[in-house]
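What follows is the content of data_23.cif, which has mmCIF, C-alpha atoms and all ligand atoms:
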```
data_structure
#
loop_
_atom_site.label_atom_id
_atom_site.label_comp_id
_atom_site.auth_asym_id
_atom_site.auth_seq_id
_atom_site.Cartn_x
_atom_site.Cartn_y
_atom_site.Cartn_z
CA MET A 21 31.02 23.27 -50.36
CA GLY A 22 29.52 19.90 -49.55
CA ILE A 23 25.99 18.88 -50.17
CA CYS A 24 23.42 18.92 -47.40
CA ALA A 25 21.98 15.83 -45.75
CA LEU A 26 18.71 16.07 -47.65
CA CYS A 27 20.53 16.18 -51.00
CA GLU A 28 22.72 13.31 -49.94
CA LYS A 29 19.56 11.29 -49.37
CA GLN A 30 17.97 12.57 -52.55
CA SER A 31 20.89 11.42 -54.66
CA LYS A 32 20.34 7.88 -53.41
CA LYS A 33 16.70 7.78 -54.38
CA VAL A 34 16.43 5.54 -57.37
CA ARG A 35 12.78 5.02 -58.15
CA THR A 36 10.92 7.40 -55.89
CA GLY A 37 9.90 10.72 -57.31
CA LYS A 38 9.40 13.27 -54.56
CA PRO A 39 11.87 16.16 -54.28
CA HIS A 40 12.95 17.05 -50.73
CA GLU A 41 11.53 20.12 -49.00
CA ASN A 42 14.29 22.57 -49.95
CA LEU A 43 14.41 21.70 -53.64
CA ILE A 44 12.81 24.27 -55.91
CA LYS A 45 11.98 23.89 -59.59
CA VAL A 46 14.29 25.63 -62.05
CA ASP A 47 12.92 26.47 -65.50
CA GLU A 48 10.11 24.67 -67.27
CA PRO A 49 10.08 20.89 -67.59
CA ARG A 50 11.61 19.55 -70.80
CA ILE A 51 9.22 17.24 -72.63
CA PHE A 52 10.61 14.53 -74.86
CA THR A 53 8.15 12.83 -77.14
CA GLY A 54 10.66 10.96 -79.32
CA THR A 55 10.18 7.36 -80.28
CA THR A 56 8.56 5.94 -77.16
CA PRO A 57 4.74 6.11 -77.12
CA SER A 58 4.44 8.04 -73.90
CA GLY A 59 7.64 10.06 -74.04
CA PHE A 60 9.23 11.39 -70.87
CA LYS A 61 9.90 14.55 -68.94
CA GLU A 62 12.91 16.14 -67.30
CA GLN A 63 12.77 18.81 -64.63
CA ASP A 64 15.67 20.66 -63.06
CA TYR A 65 15.75 21.41 -59.35
CA LEU A 66 17.95 23.59 -57.16
CA CYS A 67 18.53 23.12 -53.43
CA LEU A 68 18.01 26.27 -51.36
CA THR A 69 20.33 25.01 -48.64
CA CYS A 70 23.47 23.88 -50.46
CA GLU A 71 22.76 24.98 -54.08
CA SER A 72 23.11 21.48 -55.45
CA LYS A 73 21.37 20.91 -58.74
CA PHE A 74 19.30 17.89 -59.60
CA SER A 75 17.59 16.70 -62.72
CA HIS A 76 14.51 14.58 -62.34
CA SER A 77 13.68 12.27 -65.23
CA THR A 78 10.62 10.12 -65.85
CA ASN A 79 12.52 8.12 -68.46
CA LYS A 80 12.43 4.50 -67.31
CA ASN A 81 15.83 3.86 -68.88
CA ASP A 82 17.38 6.70 -66.99
CA VAL A 83 18.27 7.40 -63.36
CA THR A 84 15.35 9.15 -61.68
CA TRP A 85 17.42 11.70 -59.76
CA THR A 86 20.71 12.95 -61.16
CA LEU A 87 22.87 15.15 -58.98
CA TRP A 88 25.03 17.72 -60.72
CA ARG A 89 28.07 18.62 -58.70
CA GLY A 90 29.43 22.09 -59.22
ZN ZN A 101 20.99 20.46 -50.54
#
```
Go ahead and express the file in the form of C-alpha cells.
Ligand SMILES: [Zn+2]
Amino acid sequence: MGICALCEKQSKKVRTGKPHENLIKVDEPRIFTGTTPSGFKEQDYLCLTCESKFSHSTNKNDVTWTLWRG
C-alpha cells in the first residue's frame, strides 16, 4: 500500500515541525538528555489514512521527519 498525499508531503518537510491533520501521536515522547545542554525529543506518529509511521525529532543533527516504510 502506498502512502497518502499528506504523508508524501510530510516526508519532504525538513525543518518545519507540524504533523499533518491525520497523524496521531503514538506512545510517549522519548526524551534524550545526553551530552548536549538542551537535549532533544523524539515522538512517533501514525497516519490514520495510510498507516505510515513517522518519527519526529528535535535533534538539530537529525532529520526532523523520518518516514518508516512498512
Ligand atoms: Zn498517510
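The residue that comes closest to ligand ZN 101 (chain A), out of A:Leu68, A:Lys38, A:Trp88, A:Asn79 and on the basis of all atoms listed in the file, is A:Leu68.
Residues of protein or nucleic acid lying within 8 Å of ligand ZN 101 (chain A), counting all atoms listed in the file, are Ile23, Cys24, Ala25, Leu26, Cys27, Glu28, Asn42, Leu43, Leu66, Cys67, Leu68, Thr69, Cys70, Glu71 and Ser72 of chain A.
You can rank A:Tyr65, A:Gly54, A:Asn81, A:Thr86 by their closest distance to His40 of chain A using all atoms listed in the file, and at the top of that list sits A:Tyr65.
Between atom CA of Glu62 of chain A and atom CA of Gly22 of chain A there is a distance of 24.6 Å.
Here atom CA of Thr53 of chain A and atom CA of Ser31 of chain A stand 25.9 Å from one another.
Note that the spacing between atom CA of Ile44 of chain A and atom CA of Ser58 of chain A amounts to 25.6 Å.
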Within 7 Å of (13.0, 17.7, -65.5) (file coordinates; only C-alpha atoms), which protein or nucleic acid residues are there? I'd like them as a ChimeraX atom specification. /A:49-50,61-64,75-77
